[in-house]
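Asks: One structure, as structure tokens, below. Some questions next.
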Amino acid sequence: MKTRSTIWLFLAGLLVLLIGFLINISFGSISISFSEIISGLLSDNWEKESTKQIVLNFRLPKALVAIIAGIGLSVSGLQMQTFFRNPLAGPYVLGISSGAGLGVALLMLAGSAFGLMADGAVFSPWAVVTAGVIGGALVLFLVSLVAWRVNDSMTLLIVGLMFGAGVSAVISILSYFAGAEALKLFTIWGMGSLGGMSWAQVYALLAMLALGLIPVIASIKAYNGMLLGERYAKSMGIDPIRLRWLMIISTGILAGSITAFCGPIAFVGIAVPHLARIIWKTADHKVLFVASSLVGALLLLLCDTVSQLPGFAESLPINAVTSLVGAPVVISLVIRKNFSKEF
Amino acid sequence: MKVLQAKNIHLGYPRKSGLKKVISDLSFELKPNQLTCLLGRNGIGKSTLIKGLLGQLAPSSGEIFLGERDLLELSKEEIAKEIAVVLTEYAMPGNLTVEQLVALGRTPHLKWHGRLSEKDYEAVEKALELTKILDLRKERISELSDGQRQKAMIARALAQESQILILDEPTAHLDLLGRHEIMALLQELAMKEGRAILVVTHNIELAIESAQEFWLLIDQNEMLLGTPEDLIIAGKIKSLIPGETFKFDLEKGKIVFPSENLDLNVSGPENLKFWVEKALEKAQIKKLEQTIEIESKPFSLHYGGQSFDSIKALIDQIKS
């Protein structure tokens with residue numbers, strides 16, 4: 001049941017998101033004023049050609065990727081948490097990011113580990129993305145094979161975690177034998193990055209987001225039914241098996257593609273659904289999916305802004321910032337509100 | 001009105017060594033317009049039977065019909081429109097208000113987007129009203145007592161507006177008054193709205209008070225069906241209580257502790273005598289030399305030339 005406060009919170013969230021978006025674009029090694037960004041974006045009226053280049057080719061794609069990744073990871077996390085009725089579930093529990101990691105590791109590390117390629121060879125971003133997508137899809141396929149056989153969602157959760165562990169072990173072995181340069185490249189990929197993407201990549205990611213959200217829209221009602229557990233869901237006409245497939249497809253596309261493009265971005269997927277529940281004070285997924293998207297986009301924009309405070313040419317890896325900024329925020333909220341009551 | 005009917009069903013769980021049989025060869029029919037109570041000892045298969053009736057466990061042989069159609073042919077949504085359930089276990093989303101919880105009952109009637117229509121709100125309203133929890137509507141589930149939560153769960157099932165209602169121990173967490181209220185409500189729903197209601201319960205006394213039909217699950221292949229009173233008179237209720245330790249008191253309609261031969265001389269008004277004897281029995285006092293005299297106004301007891309103003313004082317005296 002939507003109340004007036006829900007809608008006000010949505011509007012407020014949108015406004016904050018817009019401000020966050022502007023701040024994100026404005027901050028960086030060179031500060032750009034809000035008015036310049038707005039007039040530039042809306043009427044293509046730039047003061048300097050260099051500003052235009054910076055905004056259009058670097059900061060705008062990065063801000064959009066932050067928003068897309070924030071939405072995708074949060075929506076994946078919310079689906080997992082509700083489906084498994086587990087507050088610790090996140091977009092990566094089915095081993096998708098480990099799979100993407102394996103794909104990228106094979107590309108970056110295997111060559112040098114087996115001496116087939118010079119250490120520290122540079123790969124095109126598309127090659128990395130393709131490797132990530134293939135790796136993620138492979139693990140997803142294996143998990144689906146298991147999902148076909150098991151009826152119990154807890155078993156699926158454990159199997160997903162074990163797949164992740166197994167795949168991580170393979171990555172460790174590759175890392176052990178890989179050359180130093182290749183290892184550094186892979187480690188940096190593992191820290192996550194929102195920047196450095198071409199517009200073609202941004203559009204590709206956006207398309208994946210749209211694709212991954214379709215199953216979510218088709219199962220909003222079912223997620224609400226799952227709130228009371230699987231047996232009640234069945235008694236209310238919901239088919240948990242169908243929902244499970246929709247969830248696997250959706251989170252596979254969302255978390256898989258985001259990991260492939262940006263690396264494994266920690267923390268957002270688990271934390272944001274909880275923040276949305278606490279702020280909107282609801283368990284209704286009609287509200288929660290939108291709320292999580294807003295909070296997720298905002299959180300990742302914020303983290304990205306922090307990662308490159310003005311005056312610094314270097315930017316911190318996004319993964320370090322999501323955890324450093326996110327953890328205290330979540331801890332304070334969780335302690336103040338009785339967390340278990342909210343889930 | 002669709003009737004739920006089982007014909008020679010066998011239910012069980014697959015094990016490596018073959019099927020673990022729980023229910024075998026039972027036939028029965030859940031009739032509309034009445035409250036049916038399913039009774040049986042722990043572990044006898046009541047919950048399995050309910051899983052079968054909900055279409056969540058397919059019979060290994062035999063059929064369950066909902067109206068004209070086999071339950072297994074129906075989609076979950078079609079079943080959900082006809083059968084609502086209150087289970088013993090559930091995940092508890094603390095974030096939900098009572099109103100939102102009850103609205104979940106509308107799930108099978110909603111379109112894909114899950115938005116509630118005017119008609120859905122009316123059903124929620126009616127369910128809150130019937131279970132007398134209108135004043136709790138904005139409360140969060142996590143802040144309710146067990147009994148209040150149970151009522152909310154029943155309201156959720158009512159909001160589903162199904163003609164068949166199956167409740168697994170709905171009175172388990174309720175106080176004495178709450179239990180009677182719920183059973184009276186279920187009886188009323190059965191009689192006035194012609195619903196078929198099946199209640200699993202361990203509370204024989206309450207079941208006798210309210211049910212029009214009993215299903216006594218005695219063994220995996222034996223279920224006695226009939227009017228409670230018929231079953232009592234025929235001595236069938238006793239089959240729920242195997243062994244000699246406990247007995248079913250025909251007059252009082254309840255299970256009683258075995259009473260040994262008491263040699264107590266108590267005199268006084270009958271209603272007071274009953275309680276005095278009961279207290280003495282519990283205190284393991286089985287034999288008394290002299291008579292206890294009970295005076296009713298004001299209450300006092302006389303024994304061995306002494307007076308006592310409470311049973312406790314008397315018992316303490318006798319024991320010392």
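In the structure tokens, chains take letters A, B, ... by order of appearance, with residues numbered from 1 within each chain and ligands from 1 in the order shown.
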Would you list which chain A residues are within 7 Å of chain B using only C-alpha atoms, as a compact mmCIF listing (two decimals) with N, CA, C and O atoms, in the first residue's frame?
Replies:
# COMPACT_ATOMS: atom_id res chain seq x y z
N MET A 1 0.84 -1.19 0.00
CA MET A 1 0.00 0.00 0.00
C MET A 1 0.88 1.25 0.00
O MET A 1 1.60 1.50 0.95
N ALA A 218 8.45 -8.78 -14.14
CA ALA A 218 7.51 -9.89 -14.26
C ALA A 218 7.30 -10.62 -12.94
O ALA A 218 6.39 -11.44 -12.82
N ILE A 220 7.41 -9.06 -9.57
CA ILE A 220 7.23 -8.23 -8.38
C ILE A 220 6.23 -8.85 -7.41
O ILE A 220 6.46 -8.97 -6.21
N LYS A 221 5.11 -9.31 -7.96
CA LYS A 221 4.06 -9.92 -7.14
C LYS A 221 4.60 -11.16 -6.42
O LYS A 221 4.34 -11.37 -5.24
N GLY A 225 4.98 -12.30 -2.41
CA GLY A 225 4.45 -13.55 -1.88
C GLY A 225 5.51 -14.36 -1.15
O GLY A 225 5.20 -15.07 -0.20
N LEU A 227 7.64 -13.32 0.86
CA LEU A 227 7.97 -12.75 2.16
C LEU A 227 7.64 -13.69 3.31
O LEU A 227 8.29 -13.68 4.35
N LEU A 228 6.60 -14.50 3.14
CA LEU A 228 6.20 -15.40 4.23
C LEU A 228 6.84 -16.78 4.09
O LEU A 228 6.46 -17.70 4.79
N GLY A 229 7.75 -16.92 3.16
CA GLY A 229 8.41 -18.21 2.97
C GLY A 229 7.79 -18.98 1.81
O GLY A 229 6.72 -18.64 1.32
N LYS A 234 3.63 -20.71 -2.21
CA LYS A 234 2.93 -21.70 -3.03
C LYS A 234 1.44 -21.66 -2.77
O LYS A 234 0.63 -21.75 -3.69
N SER A 235 1.07 -21.52 -1.49
CA SER A 235 -0.36 -21.53 -1.17
C SER A 235 -1.07 -20.30 -1.72
O SER A 235 -2.28 -20.26 -1.79
N MET A 236 -0.30 -19.29 -2.10
CA MET A 236 -0.93 -18.10 -2.68
C MET A 236 -0.76 -18.08 -4.19
O MET A 236 -0.90 -17.04 -4.83
N GLY A 237 -0.45 -19.23 -4.74
CA GLY A 237 -0.44 -19.35 -6.20
C GLY A 237 0.86 -18.95 -6.87
O GLY A 237 0.91 -18.77 -8.07
N ILE A 238 1.93 -18.81 -6.06
CA ILE A 238 3.21 -18.43 -6.65
C ILE A 238 4.05 -19.68 -6.88
O ILE A 238 4.08 -20.58 -6.05
N ASP A 239 4.69 -19.73 -8.03
CA ASP A 239 5.50 -20.88 -8.36
C ASP A 239 6.97 -20.56 -8.07
O ASP A 239 7.61 -19.83 -8.81
N LYS A 281 10.78 2.05 5.04
CA LYS A 281 10.00 1.33 6.05
C LYS A 281 8.92 0.45 5.42
O LYS A 281 7.74 0.54 5.75
N THR A 282 9.32 -0.38 4.50
CA THR A 282 8.33 -1.23 3.87
C THR A 282 8.98 -2.54 3.44
O THR A 282 10.20 -2.64 3.36
N ALA A 283 8.14 -3.53 3.20
CA ALA A 283 8.63 -4.79 2.66
C ALA A 283 8.01 -5.03 1.29
O ALA A 283 8.20 -6.07 0.69
N LYS A 341 14.41 -6.51 12.93
CA LYS A 341 12.99 -6.21 12.80
C LYS A 341 12.64 -5.69 11.41
O LYS A 341 11.52 -5.78 10.96
N GLU A 342 13.65 -5.12 10.76
CA GLU A 342 13.37 -4.50 9.47
C GLU A 342 13.37 -5.51 8.33
O GLU A 342 12.80 -5.29 7.29
N PHE A 343 14.10 -6.62 8.54
CA PHE A 343 14.22 -7.54 7.43
C PHE A 343 12.96 -8.36 7.26
O PHE A 343 12.50 -8.98 8.18
Asks: Based on DSSP run over this structure's backbone, return all residues of segment 148-275 of chain B in strand (DSSP E or B), as a JSON list (two decimals) with all heavy atoms, in the first residue's frame.
Replies:
[["chain", "number", "residue", "atom", "x", "y", "z"],
["B", 164, "ILE", "N", -12.42, -22.82, 0.56],
["B", 164, "ILE", "CA", -11.86, -23.84, 1.45],
["B", 164, "ILE", "C", -10.74, -23.20, 2.25],
["B", 164, "ILE", "O", -9.92, -22.47, 1.72],
["B", 164, "ILE", "CB", -11.32, -25.03, 0.64],
["B", 164, "ILE", "CG1", -12.46, -25.69, -0.13],
["B", 164, "ILE", "CG2", -10.64, -26.04, 1.56],
["B", 164, "ILE", "CD1", -12.01, -26.67, -1.19],
["B", 165, "LEU", "N", -10.75, -23.49, 3.56],
["B", 165, "LEU", "CA", -9.77, -22.90, 4.45],
["B", 165, "LEU", "C", -9.16, -24.03, 5.28],
["B", 165, "LEU", "O", -9.88, -24.82, 5.88],
["B", 165, "LEU", "CB", -10.51, -21.92, 5.37],
["B", 165, "LEU", "CG", -9.78, -20.76, 5.99],
["B", 165, "LEU", "CD1", -9.11, -19.91, 4.93],
["B", 165, "LEU", "CD2", -10.77, -19.92, 6.78],
["B", 166, "ILE", "N", -7.85, -24.13, 5.24],
["B", 166, "ILE", "CA", -7.18, -25.18, 6.01],
["B", 166, "ILE", "C", -6.25, -24.52, 7.01],
["B", 166, "ILE", "O", -5.42, -23.68, 6.64],
["B", 166, "ILE", "CB", -6.39, -26.13, 5.08],
["B", 166, "ILE", "CG1", -7.35, -26.83, 4.13],
["B", 166, "ILE", "CG2", -5.61, -27.15, 5.89],
["B", 166, "ILE", "CD1", -6.68, -27.74, 3.12],
["B", 167, "LEU", "N", -6.41, -24.85, 8.28],
["B", 167, "LEU", "CA", -5.60, -24.20, 9.30],
["B", 167, "LEU", "C", -4.88, -25.24, 10.14],
["B", 167, "LEU", "O", -5.50, -26.16, 10.68],
["B", 167, "LEU", "CB", -6.47, -23.33, 10.21],
["B", 167, "LEU", "CG", -7.33, -22.26, 9.51],
["B", 167, "LEU", "CD1", -8.74, -22.76, 9.31],
["B", 167, "LEU", "CD2", -7.33, -20.98, 10.29],
["B", 168, "ASP", "N", -3.57, -25.12, 10.22],
["B", 168, "ASP", "CA", -2.76, -26.05, 11.00],
["B", 168, "ASP", "C", -2.52, -25.44, 12.37],
["B", 168, "ASP", "O", -1.78, -24.47, 12.51],
["B", 168, "ASP", "CB", -1.43, -26.30, 10.27],
["B", 168, "ASP", "CG", -0.75, -27.55, 10.76],
["B", 168, "ASP", "OD1", -1.21, -28.13, 11.76],
["B", 168, "ASP", "OD2", 0.25, -27.96, 10.15],
["B", 196, "ALA", "N", -15.86, -24.43, 3.55],
["B", 196, "ALA", "CA", -15.41, -25.71, 4.10],
["B", 196, "ALA", "C", -14.14, -25.41, 4.87],
["B", 196, "ALA", "O", -13.18, -24.91, 4.31],
["B", 196, "ALA", "CB", -15.13, -26.70, 2.98],
["B", 197, "ILE", "N", -14.15, -25.67, 6.16],
["B", 197, "ILE", "CA", -13.00, -25.32, 6.98],
["B", 197, "ILE", "C", -12.44, -26.56, 7.67],
["B", 197, "ILE", "O", -13.17, -27.32, 8.29],
["B", 197, "ILE", "CB", -13.39, -24.24, 8.02],
["B", 197, "ILE", "CG1", -13.88, -23.00, 7.29],
["B", 197, "ILE", "CG2", -12.22, -23.93, 8.94],
["B", 197, "ILE", "CD1", -14.21, -21.84, 8.16],
["B", 198, "LEU", "N", -11.14, -26.74, 7.50],
["B", 198, "LEU", "CA", -10.46, -27.86, 8.14],
["B", 198, "LEU", "C", -9.44, -27.31, 9.13],
["B", 198, "LEU", "O", -8.59, -26.51, 8.77],
["B", 198, "LEU", "CB", -9.75, -28.72, 7.09],
["B", 198, "LEU", "CG", -8.93, -29.90, 7.63],
["B", 198, "LEU", "CD1", -9.82, -30.92, 8.30],
["B", 198, "LEU", "CD2", -8.12, -30.56, 6.53],
["B", 199, "VAL", "N", -9.58, -27.75, 10.40],
["B", 199, "VAL", "CA", -8.66, -27.27, 11.42],
["B", 199, "VAL", "C", -7.90, -28.46, 11.99],
["B", 199, "VAL", "O", -8.52, -29.44, 12.42],
["B", 199, "VAL", "CB", -9.43, -26.55, 12.56],
["B", 199, "VAL", "CG1", -8.48, -26.19, 13.68],
["B", 199, "VAL", "CG2", -10.12, -25.32, 12.02],
["B", 200, "VAL", "N", -6.60, -28.38, 11.95],
["B", 200, "VAL", "CA", -5.79, -29.39, 12.64],
["B", 200, "VAL", "C", -5.61, -28.90, 14.05],
["B", 200, "VAL", "O", -5.22, -27.75, 14.26],
["B", 200, "VAL", "CB", -4.41, -29.55, 11.99],
["B", 200, "VAL", "CG1", -3.59, -30.58, 12.73],
["B", 200, "VAL", "CG2", -4.56, -29.93, 10.54],
["B", 213, "GLU", "N", -17.66, -32.02, 12.28],
["B", 213, "GLU", "CA", -17.15, -33.32, 11.85],
["B", 213, "GLU", "C", -15.73, -33.51, 12.35],
["B", 213, "GLU", "O", -14.96, -32.56, 12.43],
["B", 213, "GLU", "CB", -17.19, -33.41, 10.32],
["B", 213, "GLU", "CG", -16.49, -34.66, 9.81],
["B", 213, "GLU", "CD", -17.09, -35.24, 8.54],
["B", 213, "GLU", "OE1", -18.29, -35.02, 8.29],
["B", 213, "GLU", "OE2", -16.33, -35.90, 7.80],
["B", 214, "PHE", "N", -15.44, -34.75, 12.71],
["B", 214, "PHE", "CA", -14.09, -35.10, 13.15],
["B", 214, "PHE", "C", -13.43, -36.01, 12.12],
["B", 214, "PHE", "O", -14.10, -36.87, 11.54],
["B", 214, "PHE", "CB", -14.16, -35.88, 14.49],
["B", 214, "PHE", "CG", -13.97, -35.02, 15.69],
["B", 214, "PHE", "CD1", -14.10, -33.65, 15.61],
["B", 214, "PHE", "CD2", -13.69, -35.59, 16.92],
["B", 214, "PHE", "CE1", -13.94, -32.85, 16.73],
["B", 214, "PHE", "CE2", -13.52, -34.81, 18.05],
["B", 214, "PHE", "CZ", -13.65, -33.45, 17.96],
["B", 215, "TRP", "N", -12.16, -35.76, 11.89],
["B", 215, "TRP", "CA", -11.34, -36.76, 11.21],
["B", 215, "TRP", "C", -10.31, -37.22, 12.23],
["B", 215, "TRP", "O", -9.45, -36.44, 12.62],
["B", 215, "TRP", "CB", -10.60, -36.16, 10.00],
["B", 215, "TRP", "CG", -11.47, -35.70, 8.88],
["B", 215, "TRP", "CD1", -12.83, -35.81, 8.80],
["B", 215, "TRP", "CD2", -11.05, -35.07, 7.68],
["B", 215, "TRP", "NE1", -13.28, -35.28, 7.61],
["B", 215, "TRP", "CE2", -12.20, -34.82, 6.91],
["B", 215, "TRP", "CE3", -9.81, -34.70, 7.18],
["B", 215, "TRP", "CZ2", -12.16, -34.20, 5.67],
["B", 215, "TRP", "CZ3", -9.76, -34.08, 5.94],
["B", 215, "TRP", "CH2", -10.91, -33.84, 5.19],
["B", 216, "LEU", "N", -10.43, -38.45, 12.67],
["B", 216, "LEU", "CA", -9.46, -38.95, 13.63],
["B", 216, "LEU", "C", -8.44, -39.80, 12.90],
["B", 216, "LEU", "O", -8.75, -40.89, 12.44],
["B", 216, "LEU", "CB", -10.14, -39.81, 14.71],
["B", 216, "LEU", "CG", -11.23, -39.16, 15.55],
["B", 216, "LEU", "CD1", -11.72, -40.15, 16.60],
["B", 216, "LEU", "CD2", -10.71, -37.91, 16.22],
["B", 217, "LEU", "N", -7.23, -39.26, 12.80],
["B", 217, "LEU", "CA", -6.19, -40.01, 12.12],
["B", 217, "LEU", "C", -5.53, -40.93, 13.15],
["B", 217, "LEU", "O", -4.83, -40.48, 14.05],
["B", 217, "LEU", "CB", -5.17, -39.04, 11.51],
["B", 217, "LEU", "CG", -4.18, -39.63, 10.52],
["B", 217, "LEU", "CD1", -4.87, -40.36, 9.40],
["B", 217, "LEU", "CD2", -3.31, -38.53, 9.94],
["B", 218, "ILE", "N", -5.84, -42.23, 13.03],
["B", 218, "ILE", "CA", -5.40, -43.19, 14.04],
["B", 218, "ILE", "C", -4.07, -43.80, 13.62],
["B", 218, "ILE", "O", -3.17, -43.99, 14.42],
["B", 218, "ILE", "CB", -6.43, -44.34, 14.20],
["B", 218, "ILE", "CG1", -7.83, -43.76, 14.44],
["B", 218, "ILE", "CG2", -6.03, -45.28, 15.31],
["B", 218, "ILE", "CD1", -7.98, -43.02, 15.70],
["B", 219, "ASP", "N", -4.00, -44.13, 12.34],
["B", 219, "ASP", "CA", -2.83, -44.82, 11.82],
["B", 219, "ASP", "C", -2.68, -44.39, 10.38],
["B", 219, "ASP", "O", -3.54, -43.71, 9.82],
["B", 219, "ASP", "CB", -3.07, -46.32, 11.92],
["B", 219, "ASP", "CG", -1.75, -47.08, 11.97],
["B", 219, "ASP", "OD1", -0.70, -46.42, 11.83],
["B", 219, "ASP", "OD2", -1.78, -48.31, 12.11],
["B", 222, "GLU", "N", -5.69, -45.61, 8.60],
["B", 222, "GLU", "CA", -6.97, -45.62, 9.29],
["B", 222, "GLU", "C", -7.34, -44.21, 9.76],
["B", 222, "GLU", "O", -6.61, -43.60, 10.54],
["B", 222, "GLU", "CB", -6.92, -46.56, 10.50],
["B", 222, "GLU", "CG", -8.29, -46.76, 11.10],
["B", 222, "GLU", "CD", -8.25, -47.62, 12.36],
["B", 222, "GLU", "OE1", -7.15, -47.89, 12.86],
["B", 222, "GLU", "OE2", -9.33, -47.99, 12.83],
["B", 223, "MET", "N", -8.42, -43.70, 9.21],
["B", 223, "MET", "CA", -8.92, -42.41, 9.66],
["B", 223, "MET", "C", -10.41, -42.56, 9.93],
["B", 223, "MET", "O", -11.16, -42.98, 9.04],
["B", 223, "MET", "CB", -8.65, -41.31, 8.63],
["B", 223, "MET", "CG", -8.99, -39.94, 9.14],
["B", 223, "MET", "SD", -8.05, -38.64, 8.33],
["B", 223, "MET", "CE", -9.06, -38.38, 6.89],
["B", 224, "LEU", "N", -10.83, -42.25, 11.15],
["B", 224, "LEU", "CA", -12.24, -42.37, 11.48],
["B", 224, "LEU", "C", -12.93, -41.05, 11.19],
["B", 224, "LEU", "O", -12.46, -39.99, 11.61],
["B", 224, "LEU", "CB", -12.40, -42.72, 12.97],
["B", 224, "LEU", "CG", -11.69, -44.00, 13.42],
["B", 224, "LEU", "CD1", -11.76, -44.13, 14.93],
["B", 224, "LEU", "CD2", -12.33, -45.20, 12.74],
["B", 225, "LEU", "N", -14.03, -41.11, 10.48],
["B", 225, "LEU", "CA", -14.77, -39.90, 10.13],
["B", 225, "LEU", "C", -16.12, -39.92, 10.81],
["B", 225, "LEU", "O", -16.73, -40.98, 10.94],
["B", 225, "LEU", "CB", -14.98, -39.83, 8.62],
["B", 225, "LEU", "CG", -13.78, -40.12, 7.72],
["B", 225, "LEU", "CD1", -14.21, -40.14, 6.26],
["B", 225, "LEU", "CD2", -12.70, -39.08, 7.93],
["B", 226, "GLY", "N", -16.58, -38.77, 11.24],
["B", 226, "GLY", "CA", -17.93, -38.75, 11.79],
["B", 226, "GLY", "C", -18.17, -37.55, 12.67],
["B", 226, "GLY", "O", -17.27, -36.74, 12.93],
["B", 247, "LYS", "N", -7.09, -41.21, 30.28],
["B", 247, "LYS", "CA", -8.42, -41.66, 29.90],
["B", 247, "LYS", "C", -9.24, -40.51, 29.34],
["B", 247, "LYS", "O", -8.98, -39.35, 29.62],
["B", 247, "LYS", "CB", -9.14, -42.21, 31.14],
["B", 247, "LYS", "CG", -8.59, -43.55, 31.58],
["B", 247, "LYS", "CD", -9.70, -44.34, 32.24],
["B", 247, "LYS", "CE", -9.23, -45.77, 32.54],
["B", 247, "LYS", "NZ", -8.37, -45.80, 33.74],
["B", 248, "PHE", "N", -10.22, -40.85, 28.54],
["B", 248, "PHE", "CA", -11.13, -39.83, 28.04],
["B", 248, "PHE", "C", -12.39, -39.86, 28.89],
["B", 248, "PHE", "O", -13.06, -40.88, 29.00],
["B", 248, "PHE", "CB", -11.47, -40.09, 26.58],
["B", 248, "PHE", "CG", -12.30, -39.01, 25.99],
["B", 248, "PHE", "CD1", -11.73, -37.80, 25.64],
["B", 248, "PHE", "CD2", -13.67, -39.17, 25.82],
["B", 248, "PHE", "CE1", -12.50, -36.78, 25.11],
["B", 248, "PHE", "CE2", -14.44, -38.16, 25.30],
["B", 248, "PHE", "CZ", -13.85, -36.96, 24.94],
["B", 249, "ASP", "N", -12.67, -38.74, 29.51],
["B", 249, "ASP", "CA", -13.84, -38.66, 30.39],
["B", 249, "ASP", "C", -15.07, -38.37, 29.55],
["B", 249, "ASP", "O", -15.22, -37.29, 28.98],
["B", 249, "ASP", "CB", -13.60, -37.54, 31.43],
["B", 249, "ASP", "CG", -14.70, -37.52, 32.47],
["B", 249, "ASP", "OD1", -15.86, -37.80, 32.10],
["B", 249, "ASP", "OD2", -14.40, -37.23, 33.63],
["B", 254, "LYS", "N", -13.33, -34.57, 27.97],
["B", 254, "LYS", "CA", -11.92, -34.20, 27.91],
["B", 254, "LYS", "C", -11.04, -35.32, 28.43],
["B", 254, "LYS", "O", -11.51, -36.25, 29.08],
["B", 254, "LYS", "CB", -11.67, -32.92, 28.68],
["B", 254, "LYS", "CG", -11.94, -33.00, 30.15],
["B", 254, "LYS", "CD", -11.69, -31.65, 30.77],
["B", 254, "LYS", "CE", -11.54, -31.75, 32.28],
["B", 254, "LYS", "NZ", -11.19, -30.48, 32.87],
["B", 255, "ILE", "N", -9.77, -35.17, 28.12],
["B", 255, "ILE", "CA", -8.82, -36.18, 28.59],
["B", 255, "ILE", "C", -8.47, -35.89, 30.04],
["B", 255, "ILE", "O", -8.23, -34.74, 30.40],
["B", 255, "ILE", "CB", -7.55, -36.15, 27.73],
["B", 255, "ILE", "CG1", -7.90, -36.60, 26.32],
["B", 255, "ILE", "CG2", -6.47, -37.05, 28.30],
["B", 255, "ILE", "CD1", -6.75, -36.52, 25.35],
["B", 256, "VAL", "N", -8.49, -36.92, 30.85],
["B", 256, "VAL", "CA", -8.17, -36.68, 32.26],
["B", 256, "VAL", "C", -6.98, -37.53, 32.67],
["B", 256, "VAL", "O", -6.69, -38.56, 32.08],
["B", 256, "VAL", "CB", -9.37, -37.01, 33.18],
["B", 256, "VAL", "CG1", -10.46, -35.98, 33.00],
["B", 256, "VAL", "CG2", -9.88, -38.41, 32.91],
["B", 263, "ASP", "N", -9.39, -42.05, 48.79],
["B", 263, "ASP", "CA", -10.15, -42.33, 49.99],
["B", 263, "ASP", "C", -10.24, -41.03, 50.79],
["B", 263, "ASP", "O", -9.62, -40.87, 51.82],
["B", 263, "ASP", "CB", -9.44, -43.44, 50.80],
["B", 263, "ASP", "CG", -10.30, -43.91, 51.94],
["B", 263, "ASP", "OD1", -11.48, -43.49, 52.00],
["B", 263, "ASP", "OD2", -9.79, -44.68, 52.77],
["B", 266, "VAL", "N", -14.76, -35.71, 51.87],
["B", 266, "VAL", "CA", -14.95, -34.26, 51.77],
["B", 266, "VAL", "C", -16.43, -34.01, 51.74],
["B", 266, "VAL", "O", -17.16, -34.65, 50.98],
["B", 266, "VAL", "CB", -14.30, -33.69, 50.49],
["B", 266, "VAL", "CG1", -14.44, -32.19, 50.45],
["B", 266, "VAL", "CG2", -12.84, -34.09, 50.42],
["B", 267, "SER", "N", -16.89, -33.09, 52.54],
["B", 267, "SER", "CA", -18.31, -32.77, 52.46],
["B", 267, "SER", "C", -18.48, -31.28, 52.27],
["B", 267, "SER", "O", -17.70, -30.49, 52.78],
["B", 267, "SER", "CB", -19.04, -33.26, 53.72],
["B", 267, "SER", "OG", -18.76, -32.40, 54.80]]
Asks: Write out as an MDAnalysis selection string which residues come within 9 Å of segment 1-17 of chain B when counting only C-alpha atoms, dropping same-chain ones fewer than 2 positions away.
Replies: chainID B and resid 19:32 48:49 52:53 57:68 71 82 163:164 194:196 221
Asks: Name all residues at most 12 Å from Gln308 of chain A (count only C-alpha atoms; drop same-chain ones fewer than 2 positions away) and give them as a ChimeraX atom specification.
Replies: /A:23-31,59,62,194-195,301-306,310-318,321
Asks: Counting only C-alpha atoms, what is within 12 Å of Thr227 of chain B, bar same-chain residues fewer than 5 positions away, as a list in words?
Replies: Gln34, Leu35, Thr36, Cys37, Leu38, Ala207, Ile208, Glu209, Ser210, Ala211, Gln212, Glu213, Phe214, Trp215, Leu216, Ile232, Ile233, Ala234, Lys236 and Ile237 of chain B
Asks: List the neighbours of Leu262 of chain B out to 12 Å using only C-alpha atoms; skip same-chain residues closer than 3 positions along the sequence, and give me the result as a ChimeraX atom specification.
Replies: /B:258-259,265-266,277-278,280-282,284-288
Asks: Write the selection just made, keeping C-alpha atoms, as a JSON list (two decimals), in the first residue's frame?
Replies:
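Saved the output as result.json:
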[["chain", "number", "residue", "atom", "x", "y", "z"],
["B", 258, "PRO", "CA", -5.55, -41.28, 35.63],
["B", 259, "SER", "CA", -7.12, -40.94, 39.05],
["B", 265, "ASN", "CA", -13.96, -37.69, 52.88],
["B", 266, "VAL", "CA", -14.95, -34.26, 51.77],
["B", 277, "GLU", "CA", -10.41, -32.96, 45.82],
["B", 278, "LYS", "CA", -8.47, -32.02, 42.72],
["B", 280, "LEU", "CA", -5.52, -32.81, 47.26],
["B", 281, "GLU", "CA", -5.01, -35.30, 44.47],
["B", 282, "LYS", "CA", -2.33, -33.16, 42.85],
["B", 284, "GLN", "CA", -0.51, -36.65, 46.33],
["B", 285, "ILE", "CA", -2.82, -36.82, 49.33],
["B", 286, "LYS", "CA", -4.82, -39.96, 48.72],
["B", 287, "LYS", "CA", -6.03, -40.96, 52.09],
["B", 288, "LEU", "CA", -7.41, -38.98, 55.01]]
Asks: I'd like the interatomic distance between atom CA of Phe308 of chain B and atom CA of Asn271 of chain B, to a tenth of an Å.
Replies: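 So the answer is 18.2 Å.
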Asks: Would you pick out the contacts of Ser76 of chain A at 6 Å or less, using only C-alpha atoms, so that residues sharing its chain but fewer than 3 positions from it are not included, and give the list as JSON, numbers by chain?
Replies: {"A": [73, 79, 91, 251]}
Asks: From the DSSP assignment of the backbone, select every residue of segment 211-247 of chain B that is helix (DSSP H, G or I), and format the answer as a PDB file with C-alpha atoms, in the first residue's frame.
Replies:
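Dumped everything to out-v6.pdb:
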ATOM      1  CA  PRO B 228     -17.728 -35.846  17.222  1.00  0.00           C
ATOM      2  CA  GLU B 229     -20.613 -36.899  19.430  1.00  0.00           C
ATOM      3  CA  ASP B 230     -21.111 -40.150  17.508  1.00  0.00           C
ATOM      4  CA  LEU B 231     -17.435 -40.909  17.798  1.00  0.00           C
ATOM      5  CA  ILE B 232     -17.496 -40.182  21.528  1.00  0.00           C
ATOM      6  CA  ILE B 233     -20.528 -42.375  22.165  1.00  0.00           C
ATOM      7  CA  ILE B 237     -12.129 -40.959  20.686  1.00  0.00           C
ATOM      8  CA  LYS B 238     -10.265 -43.340  22.946  1.00  0.00           C
ATOM      9  CA  SER B 239      -8.309 -44.545  19.960  1.00  0.00           C
ATOM     10  CA  LEU B 240      -6.463 -41.235  20.038  1.00  0.00           C
TER      11      LEU B 240
END
